[in-house]
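As stored in upload17.txt (compact mmCIF, C-alpha atoms):
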```
# COMPACT_ATOMS: atom_id res chain seq x y z
CA MET G 175 133.75 112.95 112.01
CA ALA G 176 133.01 116.52 110.95
CA GLY G 177 132.05 115.31 107.48
CA CYS G 178 129.76 112.67 108.98
CA SER G 179 128.12 115.28 111.21
CA CYS G 180 127.52 117.59 108.26
CA GLU G 181 126.04 114.74 106.25
CA MET G 182 123.63 113.85 109.08
CA GLU G 183 122.60 117.48 109.48
CA ALA G 184 121.93 117.77 105.74
CA ARG G 185 119.88 114.54 105.82
CA ASP G 186 117.88 115.75 108.82
CA ALA G 187 117.25 119.11 107.14
CA GLY G 188 116.04 117.34 103.98
CA GLU G 189 113.71 115.09 105.99
CA ARG G 190 112.37 118.08 107.91
CA ARG G 191 111.58 120.08 104.75
CA THR G 192 109.90 117.08 103.14
CA ILE G 193 107.75 116.36 106.18
CA GLN G 194 106.73 120.02 106.48
CA ILE G 195 105.53 120.06 102.87
CA ALA G 196 103.63 116.79 103.30
CA LEU G 197 102.11 118.05 106.57
CA ALA G 198 100.82 121.21 104.87
CA ILE G 199 99.32 119.23 101.95
CA ASN G 200 97.59 116.70 104.22
CA SER G 201 96.23 119.36 106.60
CA PHE G 202 94.69 121.31 103.72
CA MET G 203 93.28 118.18 102.08
CA PHE G 204 91.76 116.95 105.36
CA VAL G 205 89.70 120.12 105.76
CA ALA G 206 88.69 120.32 102.10
CA GLU G 207 87.88 116.62 101.73
CA PHE G 208 85.94 116.38 105.00
CA VAL G 209 83.74 119.37 104.15
CA LEU G 210 83.10 118.18 100.59
CA GLY G 211 82.61 114.59 101.78
CA TRP G 212 79.96 115.75 104.23
CA ILE G 213 78.22 117.75 101.50
CA ALA G 214 78.41 114.76 99.13
CA GLU G 215 77.18 112.38 101.89
CA SER G 216 80.08 110.12 100.95
CA THR G 217 81.46 107.67 103.51
CA GLY G 218 84.40 107.06 101.19
CA LEU G 219 85.40 110.73 101.09
CA ILE G 220 84.91 111.19 104.83
CA ALA G 221 86.98 108.06 105.47
CA ASP G 222 89.70 109.38 103.19
CA SER G 223 89.62 112.80 104.86
CA LEU G 224 90.09 111.18 108.29
CA ASP G 225 92.99 109.24 106.78
CA MET G 226 94.42 112.63 105.75
CA LEU G 227 93.99 113.81 109.36
CA ALA G 228 95.77 110.70 110.59
CA ASP G 229 98.60 111.37 108.17
CA ALA G 230 98.85 115.01 109.20
CA SER G 231 99.22 113.81 112.79
CA VAL G 232 101.77 111.23 111.64
CA TYR G 233 103.81 113.90 109.86
CA ALA G 234 103.65 116.24 112.86
CA ILE G 235 104.94 113.52 115.20
CA ALA G 236 107.59 112.41 112.72
CA LEU G 237 108.73 116.03 112.44
CA LEU G 238 109.47 116.02 116.17
CA ALA G 239 111.52 112.84 115.74
CA VAL G 240 113.82 114.17 112.99
CA GLY G 241 117.37 114.46 114.25
CA LYS G 242 116.53 112.74 117.54
CA GLY G 243 117.71 109.39 118.89
CA PRO G 244 116.48 106.04 117.53
CA GLU G 245 114.28 105.31 120.57
CA LEU G 246 112.29 108.51 120.05
CA LYS G 247 111.85 107.60 116.38
CA VAL G 248 110.48 104.20 117.39
CA LYS G 249 108.08 105.84 119.86
CA ALA G 250 106.97 108.24 117.12
CA ALA G 251 106.28 105.34 114.76
CA ILE G 252 104.28 103.45 117.42
CA THR G 253 102.25 106.56 118.20
CA ASN G 254 101.59 107.05 114.50
CA GLY G 255 100.40 103.46 114.14
CA GLY G 256 98.08 103.91 117.11
CA LEU G 257 96.55 107.04 115.56
CA GLN G 258 95.91 105.11 112.35
CA VAL G 259 94.04 102.41 114.30
CA VAL G 260 91.92 104.95 116.22
CA LEU G 261 90.88 106.89 113.12
CA ALA G 262 90.16 103.72 111.16
CA SER G 263 87.84 102.64 113.97
CA SER G 264 85.98 105.97 113.73
CA VAL G 265 85.49 105.36 110.00
CA LEU G 266 83.96 101.96 110.74
CA ILE G 267 81.50 103.62 113.10
CA ASP G 268 80.51 106.15 110.40
CA VAL G 269 79.99 103.35 107.85
CA VAL G 270 77.65 101.53 110.25
CA ARG G 271 75.76 104.77 110.99
CA ARG G 272 75.21 105.54 107.31
CA PHE G 273 74.24 101.94 106.58
CA LEU G 274 71.57 102.07 109.28
CA TYR G 275 70.26 105.59 108.68
CA GLY G 276 70.90 105.95 104.94
CA SER G 277 72.86 108.32 102.70
CA GLU G 278 72.77 109.65 99.13
CA PRO G 279 76.39 110.01 97.93
CA VAL G 280 77.04 112.42 95.04
CA SER G 281 79.12 110.44 92.55
CA ALA G 282 80.50 113.39 90.55
CA LEU G 283 81.77 115.12 93.68
CA MET G 284 83.25 111.86 94.96
CA MET G 285 85.24 111.32 91.77
CA GLY G 286 86.34 114.95 91.43
CA VAL G 287 87.59 115.25 95.01
CA GLY G 288 89.11 111.77 94.77
CA VAL G 289 91.23 112.82 91.78
CA VAL G 290 92.50 115.95 93.57
CA ALA G 291 93.32 113.91 96.69
CA LEU G 292 95.10 111.30 94.54
CA VAL G 293 97.37 113.94 93.02
CA ALA G 294 98.12 115.39 96.47
CA ASN G 295 99.01 112.00 97.91
CA CYS G 296 101.15 111.01 94.92
CA VAL G 297 103.18 114.18 95.48
CA CYS G 298 103.58 113.33 99.19
CA LEU G 299 104.57 109.74 98.43
CA ALA G 300 107.16 110.84 95.85
CA LEU G 301 108.69 113.27 98.37
CA ILE G 302 108.71 110.84 101.29
CA PHE G 303 109.96 107.86 99.28
CA ARG G 304 113.31 109.55 98.75
CA HIS G 305 113.89 109.39 102.51
CA ARG G 306 112.62 105.81 103.05
CA ASP G 307 116.03 104.73 104.42
CA GLY G 308 116.10 107.51 107.01
CA GLY G 309 114.72 105.39 109.86
CA VAL G 310 111.62 103.61 111.10
CA HIS G 311 109.74 106.92 111.41
CA MET G 312 110.26 107.61 107.68
CA ARG G 313 109.28 104.08 106.68
CA ALA G 314 106.06 104.62 108.64
CA LEU G 315 105.36 107.68 106.47
CA VAL G 316 105.93 105.66 103.28
CA ILE G 317 103.35 103.10 104.47
CA CYS G 318 100.83 105.85 105.28
CA SER G 319 101.26 107.62 101.94
CA SER G 320 101.04 104.34 100.00
CA ASN G 321 97.78 103.51 101.76
CA ASP G 322 96.46 106.95 100.87
CA VAL G 323 97.07 106.45 97.16
CA LEU G 324 95.19 103.14 97.26
CA ALA G 325 92.35 104.76 99.20
CA ASN G 326 92.05 107.57 96.64
CA LEU G 327 91.85 105.09 93.77
CA GLY G 328 89.12 103.29 95.70
CA VAL G 329 87.12 106.50 96.19
CA ILE G 330 87.31 107.29 92.47
CA LEU G 331 86.22 103.74 91.59
CA SER G 332 83.35 103.78 94.09
CA GLY G 333 82.17 107.14 92.73
CA GLY G 334 82.01 105.61 89.27
CA LEU G 335 80.08 102.61 90.61
CA VAL G 336 77.63 104.87 92.49
CA TRP G 337 77.01 106.73 89.24
CA ALA G 338 76.65 103.51 87.20
CA THR G 339 74.44 101.60 89.64
CA GLY G 340 72.49 104.42 91.22
CA ASN G 341 72.88 103.09 94.78
CA ARG G 342 75.01 103.92 97.81
CA TYR G 343 76.53 100.55 98.58
CA PRO G 344 79.78 101.01 96.60
CA ASP G 345 80.46 104.09 98.73
CA LEU G 346 79.85 102.15 101.96
CA ALA G 347 82.02 99.32 100.66
CA ILE G 348 84.96 101.60 99.91
CA GLY G 349 84.58 103.17 103.37
CA LEU G 350 84.96 99.70 104.87
CA ILE G 351 87.93 98.89 102.64
CA ILE G 352 89.72 102.15 103.47
CA ALA G 353 89.19 101.51 107.18
CA ALA G 354 90.60 97.99 106.77
CA VAL G 355 93.63 99.26 104.84
CA VAL G 356 94.33 101.94 107.45
CA LEU G 357 93.94 99.42 110.29
CA HIS G 358 96.39 97.07 108.57
CA GLY G 359 98.81 99.93 107.94
CA GLY G 360 98.64 101.03 111.58
CA ALA G 361 99.26 97.48 112.81
CA ARG G 362 102.17 97.09 110.37
CA ILE G 363 103.79 100.32 111.53
CA ILE G 364 103.53 99.26 115.19
CA ALA G 365 104.90 95.79 114.42
CA GLU G 366 107.90 97.16 112.49
CA ALA G 367 108.69 99.68 115.22
CA ARG G 368 108.55 97.00 117.92
CA ALA G 369 110.69 94.67 115.82
CA GLN G 370 113.27 97.44 115.43
CA ARG G 371 113.28 97.99 119.18
CA ALA G 372 113.71 94.25 119.80
CA GLN G 373 116.68 94.13 117.42
CA TRP G 374 118.35 96.97 119.29
CA ALA G 375 117.72 95.20 122.59
CA VAL G 376 119.35 91.99 121.31
CA ALA G 377 122.29 93.91 119.87
CA GLY G 378 122.69 95.85 123.09
CA GLY G 379 122.46 92.70 125.18
```

How would this structure read if it were set down as C-alpha cells?
Amino acid sequence: MAGCSCEMEARDAGERRTIQIALAINSFMFVAEFVLGWIAESTGLIADSLDMLADASVYAIALLAVGKGPELKVKAAITNGGLQVVLASSVLIDVVRRFLYGSEPVSALMMGVGVVALVANCVCLALIFRHRDGGVHMRALVICSSNDVLANLGVILSGGLVWATGNRYPDLAIGLIIAAVVLHGGARIIAEARAQRAQWAVAGG
C-alpha cells in the first residue's frame, strides 16, 4: 500500500509540473498572440489566441483536479469543455463582425506568429501526452492541445493564402474552421466526461 501511495504521489507531482509549464506557455502566448492578432487585423490569430486563453483556463482547472477524486476530475473536464464552447462562440461573433465591417490581415505577421504558436503548442502536446492515461481531465488536455496544433497549421496556411491571393477571405475562413474545431473539441470533452460518469454509476449500481 505504501508503494502504491508513493507511486500515486509521484504521478500527481508529475502531472502538476507538466500542467504548470503548459499553463505558463499558454498564458504568455494568449497575450502575445491576441495583441499581434489585433495589430495584424487577423481573425485567425485572434481566434487562436482565444483558444490559448481557453487552454490556459483548462490547465488551471485541471491543476485543481490533480490528486483529487474521480468525480472532481470529471467536473473539471466538463467545465473545460464548456469553456471551449463559449470561447469558440465568441470567435464566430468576431468572424461575422469582420466579414460585415471589413479587415486587412497582415499575412507576414500571421505566418510568423503562427509558427511561434505552433512550436509552443507542440511542446505542450508532447508534455501532456505522456500523462494521457492519468484520467479524464488529462485526456481533455490532450484533445485541447491537439486542436491547437491543427489551428496553428491553419493560421500559417491562411497567412500564405492571404499573401498569395491578396484578399482577406482565407483569414475569415480559418477563423471559422478554428471555431468549429474548438466547438467539436469542447463537445467531445463533455461527452467523454459524461460517459465516464455514467460508467461509474453503472459500476456502482

Pick out the closest residue to Glu215 in chain G from this set: G:Leu283, G:Leu238, G:Ile351, G:Ile317. Count all atoms listed in the file.
->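 Result for the nearest residue to Glu215 in chain G: G:Leu283.
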
Looking at all atoms listed in the file, which of G:Glu366, G:Gly360, G:Leu274, G:Arg306 is the one that sits closest to Tyr343 in chain G?
->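 Closest residue, counting all atoms listed in the file: G:Leu274.
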
From the set G:Gly211, G:Gly218, G:Pro279, G:Gly328, which residue has the shortest atom-to-atom contact distance to Leu292 in chain G, counting only C-alpha atoms?
->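 Closest to Leu292 in chain G, using only C-alpha atoms: G:Gly328.
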
Name the closest residue to Asp229 in chain G among the candidates G:Val329, G:Ala361, G:Ala314, G:Leu246; distances are taken between atoms, counting all atoms listed in the file.
->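 Ranked by minimum distance to Asp229 in chain G, first place goes to G:Ala314.
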
Which of G:Val232, G:Ala214, G:Leu224, G:Ala365 sits closest to Ile352 in chain G [using only C-alpha atoms] | G:Leu224

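Our summary of the geometry notes that CA of Val265 in chain G is positioned 6.0 Å from CA of Ala353 in chain G.
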
Give me the residues near range 193-204 of chain G as a JSON list (two decimals) with C-alpha atoms, in the coordinates of the input, where near means some atom within 7 Å (using only C-alpha atoms) and where sequence neighbours in that chain fewer than 2 positions away do not count.
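Written file, part34.json:
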```json
[["chain", "number", "residue", "atom", "x", "y", "z"],
["G", 189, "GLU", "CA", 113.71, 115.09, 105.99],
["G", 190, "ARG", "CA", 112.37, 118.08, 107.91],
["G", 191, "ARG", "CA", 111.58, 120.08, 104.75],
["G", 206, "ALA", "CA", 88.69, 120.32, 102.10],
["G", 207, "GLU", "CA", 87.88, 116.62, 101.73],
["G", 208, "PHE", "CA", 85.94, 116.38, 105.00],
["G", 223, "SER", "CA", 89.62, 112.80, 104.86],
["G", 224, "LEU", "CA", 90.09, 111.18, 108.29],
["G", 226, "MET", "CA", 94.42, 112.63, 105.75],
["G", 227, "LEU", "CA", 93.99, 113.81, 109.36],
["G", 229, "ASP", "CA", 98.60, 111.37, 108.17],
["G", 230, "ALA", "CA", 98.85, 115.01, 109.20],
["G", 233, "TYR", "CA", 103.81, 113.90, 109.86],
["G", 234, "ALA", "CA", 103.65, 116.24, 112.86],
["G", 237, "LEU", "CA", 108.73, 116.03, 112.44],
["G", 291, "ALA", "CA", 93.32, 113.91, 96.69],
["G", 294, "ALA", "CA", 98.12, 115.39, 96.47],
["G", 298, "CYS", "CA", 103.58, 113.33, 99.19]]
```

Nearest-residue call for Asn254 in chain G, choices G:Leu315, G:Gln373, G:Asp322, G:Asp307, using only C-alpha atoms | G:Leu315

Could you give me, as a PyMOL selection string, the residues that sit within 7 Å of (79.2, 107.7, 100.9) in the file's coordinates, counting all atoms listed in the file?
-> chain G and resi 215-219+277-279+342+345-346

Please indicate the distance in Å from CA of Ile267 in chain G to CA of Gly349 in chain G, rounded to one decimal place.
->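 Straight-line distance from CA of Ile267 in chain G to CA of Gly349 in chain G works out to 10.2 Å.
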